[in-house]
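A short worksheet on the structure shown next.
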Amino acid sequence: MQPSDICALVLGTAGRAPARVPDAPRLSAASATPLREIAAVDERGAARSLYLPIERPLTIAVDGRELVTLMTLGAAPEWLVLGYLRNQRYIDDVAALQSIQVDWTQNIAHVTSRQEGLDESVTAAAQGAGAAIPLGCALGTGFSDVMRHLDAGAAKAAAAAVGAPGRLQEPFISHAEILTILECMHRHDAVHRAAGSVHSCALFQGGELWAAVEDVSRHNGIDTITGFMALHGIHGADKTLFTTGRLTGEMVMKAAHNGIPVMISRNGTTAMGYELAAKLGMTLIGRAANRRYMCYIGAERIARDAGPA
């Protein structure tokens, strides 16, 4: 198997069907090879051939002003940039952007905007960041104002404002669908199986896969899924987000921002992730692997069509 044969992005049948929304930005198609081969030596001194994920810097420049540098495998960099700008609340509508052009020879994503004032927002953000380059899990979001005022009443207002779920009608997802999602993601982790050191993130409707992506950070994964949804006008109310990363408060807020009420992770959650999910009426499932899982909040919204295996 060659590194170029391994793909970090998978679209299900449903994910290939939607058309782009009207006034969607023009996008380049700058995907990149996710792996490289190296020679290593094991504990017995024997030579071995291994694959490593290729982590690339990608600087987002909006109307010529540098905003941030992300580290990414580059499976769908245009979706990543679009999702980043949406999740950081620089844009609410993809129509605010005229184009996203990724140039891997310069490791830069040129974003041209249509939205008046976006350039000023980017300038302010860049000045606030100073010389620091936010990376990976150290990257913040634009939800700090929401988090500061998040109580039971404010949570409902925030959920309505961003299209996040209120209290869901039960059941929303079935036990069988959860197991189907886990089995599906076991088949769609080609980069991880070849090299490790990456996270997966995927969007499902029931047990049907829409899109799955692997990248070097969990935030890149959810931002890429966000870009995919925004570009195609996909609503999150009947969707489930799968991630291999921790269900932190920031991850929960990103899912809520995109209206996704159910999150499943191979990892666990934090107290803030748990509390936000509870206040927003979301279903949070963790430690999900090998047909087993733990539902931290929202168990009443899981249809018990069969007992755990």
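Every chain in the structure tokens takes a letter, A first, then B, and so on in the order presented; its residues are numbered from 1, and the ligands are numbered from 1 following the presented order.
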If you count only C-alpha atoms, which residues fall within 12 Å of A:Gly273, apart from same-chain ones fewer than 4 positions away, as a short mmCIF file (atom, residue, chain, number, x, y, z; two decimals) with all heavy atoms, in the first residue's frame?
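This went into out-v9.cif:
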```cif
data_model
loop_
_atom_site.label_atom_id
_atom_site.label_comp_id
_atom_site.auth_asym_id
_atom_site.auth_seq_id
_atom_site.Cartn_x
_atom_site.Cartn_y
_atom_site.Cartn_z
N MET A 147 -20.11 31.17 27.48
CA MET A 147 -19.76 30.37 28.64
C MET A 147 -19.83 31.17 29.93
O MET A 147 -20.22 30.64 30.98
CB MET A 147 -18.36 29.77 28.46
CG MET A 147 -18.29 28.73 27.36
SD MET A 147 -16.63 28.02 27.20
CE MET A 147 -16.93 26.81 25.92
N ARG A 246 -11.61 14.11 23.32
CA ARG A 246 -12.33 14.38 24.57
C ARG A 246 -13.53 15.28 24.29
O ARG A 246 -13.48 16.17 23.44
CB ARG A 246 -11.41 15.08 25.58
CG ARG A 246 -10.18 14.30 25.94
CD ARG A 246 -9.36 15.00 27.02
NE ARG A 246 -9.03 16.38 26.67
CZ ARG A 246 -8.04 16.74 25.87
NH1 ARG A 246 -7.29 15.82 25.29
NH2 ARG A 246 -7.79 18.02 25.62
N LEU A 247 -14.59 15.07 25.05
CA LEU A 247 -15.79 15.90 24.95
C LEU A 247 -15.66 17.04 25.94
O LEU A 247 -16.27 17.05 27.01
CB LEU A 247 -17.04 15.07 25.21
CG LEU A 247 -17.27 13.91 24.23
CD1 LEU A 247 -18.47 13.07 24.66
CD2 LEU A 247 -17.47 14.44 22.81
N THR A 248 -14.85 18.03 25.59
CA THR A 248 -14.64 19.19 26.44
C THR A 248 -15.77 20.19 26.24
O THR A 248 -16.59 20.07 25.32
CB THR A 248 -13.31 19.86 26.11
OG1 THR A 248 -13.36 20.30 24.73
CG2 THR A 248 -12.14 18.89 26.28
N GLY A 249 -15.79 21.22 27.08
CA GLY A 249 -16.79 22.26 26.92
C GLY A 249 -16.75 22.90 25.56
O GLY A 249 -17.79 23.19 24.95
N GLU A 250 -15.54 23.12 25.05
CA GLU A 250 -15.39 23.76 23.74
C GLU A 250 -15.94 22.88 22.62
O GLU A 250 -16.59 23.36 21.70
CB GLU A 250 -13.92 24.07 23.49
CG GLU A 250 -13.66 24.89 22.26
CD GLU A 250 -12.20 25.25 22.10
OE1 GLU A 250 -11.38 24.76 22.90
OE2 GLU A 250 -11.89 26.01 21.17
N MET A 251 -15.68 21.57 22.71
CA MET A 251 -16.20 20.66 21.69
C MET A 251 -17.73 20.60 21.74
O MET A 251 -18.39 20.58 20.70
CB MET A 251 -15.60 19.27 21.88
CG MET A 251 -14.11 19.17 21.60
SD MET A 251 -13.72 19.30 19.84
CE MET A 251 -14.17 17.63 19.29
N VAL A 252 -18.29 20.58 22.94
CA VAL A 252 -19.74 20.56 23.08
C VAL A 252 -20.35 21.83 22.51
O VAL A 252 -21.36 21.79 21.80
CB VAL A 252 -20.14 20.37 24.56
CG1 VAL A 252 -21.64 20.60 24.77
CG2 VAL A 252 -19.75 18.97 25.04
N MET A 253 -19.73 22.98 22.78
CA MET A 253 -20.26 24.23 22.26
C MET A 253 -20.19 24.29 20.74
O MET A 253 -21.08 24.83 20.08
CB MET A 253 -19.51 25.41 22.86
CG MET A 253 -19.89 25.71 24.30
SD MET A 253 -21.67 25.99 24.55
CE MET A 253 -21.94 27.45 23.56
N LYS A 254 -19.12 23.72 20.15
CA LYS A 254 -19.04 23.70 18.68
C LYS A 254 -20.15 22.84 18.09
O LYS A 254 -20.76 23.21 17.08
CB LYS A 254 -17.67 23.17 18.23
CG LYS A 254 -16.55 24.18 18.39
CD LYS A 254 -15.25 23.66 17.79
CE LYS A 254 -14.15 24.71 17.85
NZ LYS A 254 -12.90 24.27 17.19
N ALA A 255 -20.43 21.70 18.71
CA ALA A 255 -21.54 20.87 18.23
C ALA A 255 -22.86 21.61 18.36
O ALA A 255 -23.69 21.62 17.44
CB ALA A 255 -21.58 19.55 19.00
N ALA A 256 -23.07 22.28 19.51
CA ALA A 256 -24.31 23.03 19.73
C ALA A 256 -24.44 24.17 18.74
O ALA A 256 -25.53 24.45 18.23
CB ALA A 256 -24.33 23.57 21.16
N MET A 263 -23.57 13.65 20.76
CA MET A 263 -22.13 13.49 20.56
C MET A 263 -21.70 12.14 21.11
O MET A 263 -22.11 11.73 22.21
CB MET A 263 -21.34 14.59 21.27
CG MET A 263 -21.63 15.99 20.77
SD MET A 263 -20.53 17.23 21.51
CE MET A 263 -19.00 16.91 20.60
N GLY A 268 -13.45 10.28 26.95
CA GLY A 268 -14.39 10.67 27.98
C GLY A 268 -14.82 12.12 27.83
O GLY A 268 -14.62 12.74 26.79
N THR A 269 -15.41 12.67 28.89
CA THR A 269 -15.85 14.05 28.90
C THR A 269 -15.21 14.77 30.08
O THR A 269 -14.62 14.14 30.97
CB THR A 269 -17.38 14.15 28.97
OG1 THR A 269 -17.77 15.51 28.79
CG2 THR A 269 -17.91 13.65 30.31
N ALA A 277 -23.63 20.21 28.18
CA ALA A 277 -24.54 19.30 27.50
C ALA A 277 -25.85 19.18 28.26
O ALA A 277 -26.94 19.14 27.66
CB ALA A 277 -23.88 17.93 27.32
N ALA A 278 -25.76 19.12 29.58
CA ALA A 278 -26.97 19.02 30.39
C ALA A 278 -27.85 20.26 30.23
O ALA A 278 -29.07 20.17 30.08
CB ALA A 278 -26.59 18.81 31.86
N LYS A 279 -27.23 21.44 30.24
CA LYS A 279 -27.99 22.68 30.15
C LYS A 279 -28.58 22.88 28.76
O LYS A 279 -29.64 23.51 28.62
CB LYS A 279 -27.09 23.86 30.52
CG LYS A 279 -26.74 23.90 32.00
CD LYS A 279 -25.80 25.05 32.32
CE LYS A 279 -25.48 25.06 33.81
NZ LYS A 279 -24.54 26.16 34.16
N LEU A 280 -27.91 22.35 27.75
CA LEU A 280 -28.39 22.51 26.38
C LEU A 280 -29.30 21.37 25.95
O LEU A 280 -29.77 21.35 24.81
CB LEU A 280 -27.20 22.61 25.42
CG LEU A 280 -26.39 23.90 25.52
CD1 LEU A 280 -25.09 23.78 24.74
CD2 LEU A 280 -27.20 25.09 25.02
N MET A 282 -28.52 18.17 25.49
CA MET A 282 -27.85 17.30 24.54
C MET A 282 -27.65 15.90 25.12
O MET A 282 -27.79 15.69 26.33
CB MET A 282 -26.49 17.90 24.14
CG MET A 282 -26.61 19.24 23.45
SD MET A 282 -25.03 20.07 23.20
CE MET A 282 -24.30 19.01 21.94
N THR A 283 -27.34 14.96 24.26
CA THR A 283 -27.01 13.60 24.67
C THR A 283 -25.52 13.40 24.48
O THR A 283 -25.00 13.62 23.38
CB THR A 283 -27.80 12.57 23.84
OG1 THR A 283 -29.21 12.77 24.05
CG2 THR A 283 -27.44 11.15 24.25
N LEU A 284 -24.84 13.00 25.55
CA LEU A 284 -23.38 12.88 25.55
C LEU A 284 -22.99 11.44 25.88
O LEU A 284 -23.31 10.95 26.96
CB LEU A 284 -22.81 13.84 26.59
CG LEU A 284 -21.45 14.49 26.31
CD1 LEU A 284 -21.53 15.32 25.04
CD2 LEU A 284 -21.04 15.36 27.49
N ILE A 285 -22.30 10.81 24.93
CA ILE A 285 -21.91 9.40 25.08
C ILE A 285 -20.41 9.28 24.92
O ILE A 285 -19.84 9.78 23.95
CB ILE A 285 -22.62 8.53 24.02
CG1 ILE A 285 -24.14 8.61 24.21
CG2 ILE A 285 -22.14 7.09 24.08
CD1 ILE A 285 -24.93 8.04 23.05
N GLY A 286 -19.75 8.63 25.89
CA GLY A 286 -18.30 8.49 25.83
C GLY A 286 -17.85 7.07 26.12
O GLY A 286 -18.66 6.17 26.32
N TYR A 296 -23.32 9.80 29.53
CA TYR A 296 -23.16 10.72 30.66
C TYR A 296 -24.42 11.53 30.92
O TYR A 296 -24.75 11.83 32.07
CB TYR A 296 -22.00 11.68 30.36
CG TYR A 296 -20.67 11.01 30.18
CD1 TYR A 296 -20.09 10.92 28.92
CD2 TYR A 296 -19.99 10.47 31.27
CE1 TYR A 296 -18.86 10.31 28.74
CE2 TYR A 296 -18.75 9.86 31.09
CZ TYR A 296 -18.19 9.78 29.84
OH TYR A 296 -16.98 9.17 29.66
N ILE A 297 -25.10 11.91 29.85
CA ILE A 297 -26.30 12.73 29.99
C ILE A 297 -27.22 12.43 28.81
O ILE A 297 -26.74 12.22 27.69
CB ILE A 297 -25.95 14.24 30.05
CG1 ILE A 297 -27.13 15.08 30.50
CG2 ILE A 297 -25.39 14.74 28.74
CD1 ILE A 297 -27.44 14.95 31.96
#
```
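Residues in contact with A:Ala195 at up to 9 Å, not including ones fewer than 4 positions away on its chain and judged by only C-alpha atoms, are Leu35, Leu50, Tyr51, Leu52, Pro53, Ala190 and Val191 of chain A.
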Export of prior selection with N, CA and C atoms as an mmCIF file, in the first residue's frame:
```
data_model
loop_
_atom_site.group_PDB
_atom_site.id
_atom_site.type_symbol
_atom_site.label_atom_id
_atom_site.label_comp_id
_atom_site.auth_asym_id
_atom_site.auth_seq_id
_atom_site.Cartn_x
_atom_site.Cartn_y
_atom_site.Cartn_z
ATOM 1 N N LEU A 35 0.278 10.751 4.478
ATOM 2 C CA LEU A 35 1.319 9.957 5.134
ATOM 3 C C LEU A 35 2.648 10.027 4.396
ATOM 4 N N LEU A 50 7.942 2.457 8.706
ATOM 5 C CA LEU A 50 6.747 2.984 9.355
ATOM 6 C C LEU A 50 6.193 4.159 8.567
ATOM 7 N N TYR A 51 4.884 4.389 8.746
ATOM 8 C CA TYR A 51 4.241 5.574 8.198
ATOM 9 C C TYR A 51 4.058 6.622 9.298
ATOM 10 N N LEU A 52 4.192 7.880 8.926
ATOM 11 C CA LEU A 52 3.923 8.998 9.820
ATOM 12 C C LEU A 52 2.905 9.934 9.164
ATOM 13 N N PRO A 53 1.969 10.489 9.958
ATOM 14 C CA PRO A 53 1.083 11.513 9.398
ATOM 15 C C PRO A 53 1.896 12.754 9.034
ATOM 16 N N ALA A 190 -8.433 4.864 8.361
ATOM 17 C CA ALA A 190 -7.295 4.334 7.604
ATOM 18 C C ALA A 190 -5.970 4.955 8.025
ATOM 19 N N VAL A 191 -5.967 6.266 8.268
ATOM 20 C CA VAL A 191 -4.725 6.926 8.668
ATOM 21 C C VAL A 191 -4.296 6.447 10.048
#
```
* **Distance query stretch 171-179 of chain A at most 7 Å, only C-alpha atoms, self and fewer than 4 positions along chain excluded, as a list in words** => Glu183, Gly206, Gly207, Arg291, Glu300, Arg301, Ile302, Ala303, Arg304, Asp305 and Ala306 of chain A
For those residues, write C-alpha atoms to a file as a short mmCIF file (atom, residue, chain, number, x, y, z; two decimals), in the first residue's frame.
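Here's the written file selection.cif:
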```
data_model
loop_
_atom_site.label_atom_id
_atom_site.label_comp_id
_atom_site.auth_asym_id
_atom_site.auth_seq_id
_atom_site.Cartn_x
_atom_site.Cartn_y
_atom_site.Cartn_z
CA GLU A 183 -18.70 -0.32 13.78
CA GLY A 206 -29.08 7.71 12.58
CA GLY A 207 -26.59 5.00 11.66
CA ARG A 291 -19.88 -2.32 21.40
CA GLU A 300 -33.68 8.89 28.42
CA ARG A 301 -33.26 9.86 24.76
CA ILE A 302 -31.69 6.53 23.77
CA ALA A 303 -34.13 3.89 22.53
CA ARG A 304 -33.33 0.65 24.33
CA ASP A 305 -34.16 -1.57 21.40
CA ALA A 306 -31.60 -4.10 22.59
#
```
* **Top pick for closest residue to A:Cys7, considering A:Ile181, A:Met71, A:Leu80, A:Ala194 and counting only C-alpha atoms** => A:Ala194
Neighbour list for A:Tyr90 as a short mmCIF file (atom, residue, chain, number, x, y, z; two decimals) with N, CA, C and O atoms, in the first residue's frame, cut-off 7 Å, only C-alpha atoms, skip fewer than 3 positions in-chain:
```cif
data_model
loop_
_atom_site.label_atom_id
_atom_site.label_comp_id
_atom_site.auth_asym_id
_atom_site.auth_seq_id
_atom_site.Cartn_x
_atom_site.Cartn_y
_atom_site.Cartn_z
N LEU A 85 -13.73 29.48 10.54
CA LEU A 85 -14.28 30.84 10.55
C LEU A 85 -15.70 30.86 11.11
O LEU A 85 -16.08 31.80 11.82
N ARG A 86 -16.47 29.81 10.83
CA ARG A 86 -17.83 29.75 11.39
C ARG A 86 -17.81 29.46 12.88
O ARG A 86 -18.49 30.13 13.66
N LEU A 118 -15.62 42.23 8.07
CA LEU A 118 -14.89 41.02 8.40
C LEU A 118 -13.40 41.29 8.49
O LEU A 118 -12.70 40.78 9.37
#
```
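When atom CA of A:Ala109 is paired with atom CA of A:Ile60, their separation reads 4.9 Å.
The interatomic distance for the pair atom CA of A:Val21 and atom CA of A:His110 works out to 20.7 Å.
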* **Non-local contacts of A:Ala17 (12 Å; only C-alpha atoms; under 5 positions in same chain excluded) as a count of residues only** => 7
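Residues with any atom within 6 Å of A:Ile260, counting only C-alpha atoms and excluding same-chain neighbours fewer than 2 positions away, are Gly236, Ala237, Lys239, Ala255, Ala256, Asn258 and Val262 of chain A.
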How would the residues just chosen look if you wrote them out with N, CA and C atoms as an mmCIF file, in the first residue's frame?
```cif
data_model
loop_
_atom_site.group_PDB
_atom_site.id
_atom_site.type_symbol
_atom_site.label_atom_id
_atom_site.label_comp_id
_atom_site.auth_asym_id
_atom_site.auth_seq_id
_atom_site.Cartn_x
_atom_site.Cartn_y
_atom_site.Cartn_z
ATOM 1 N N GLY A 236 -28.241 20.314 11.592
ATOM 2 C CA GLY A 236 -27.721 19.345 12.549
ATOM 3 C C GLY A 236 -28.741 18.709 13.455
ATOM 4 N N ALA A 237 -30.010 19.151 13.402
ATOM 5 C CA ALA A 237 -30.991 18.737 14.399
ATOM 6 C C ALA A 237 -31.214 17.232 14.464
ATOM 7 N N LYS A 239 -28.812 14.970 13.502
ATOM 8 C CA LYS A 239 -27.492 14.392 13.270
ATOM 9 C C LYS A 239 -26.800 14.017 14.584
ATOM 10 N N ALA A 255 -20.429 21.702 18.710
ATOM 11 C CA ALA A 255 -21.538 20.868 18.229
ATOM 12 C C ALA A 255 -22.863 21.614 18.364
ATOM 13 N N ALA A 256 -23.068 22.275 19.507
ATOM 14 C CA ALA A 256 -24.307 23.028 19.728
ATOM 15 C C ALA A 256 -24.435 24.169 18.738
ATOM 16 N N ASN A 258 -23.626 24.212 15.791
ATOM 17 C CA ASN A 258 -24.067 23.657 14.514
ATOM 18 C C ASN A 258 -25.354 22.855 14.641
ATOM 19 N N VAL A 262 -26.437 15.255 19.544
ATOM 20 C CA VAL A 262 -25.875 14.011 20.085
ATOM 21 C C VAL A 262 -24.390 13.938 19.748
#
```
* Out of stretch 157-249 of chain A, which residues get alpha helix (DSSP H) from DSSP, as a ChimeraX atom specification? -> /A:157-162,175-187,190-195,218-232,249
* Structure fact -> Expressed in Å, the length from atom CA of A:Arg36 to atom CA of A:Leu73 is 11.3 Å
* Within 9 Å of stretch 30-33 of chain A, counting only C-alpha atoms, which residues show up once you throw out same-chain ones fewer than 4 positions away? Write them as a ChimeraX atom specification, please. => /A:3-8,54,73-78,101-104
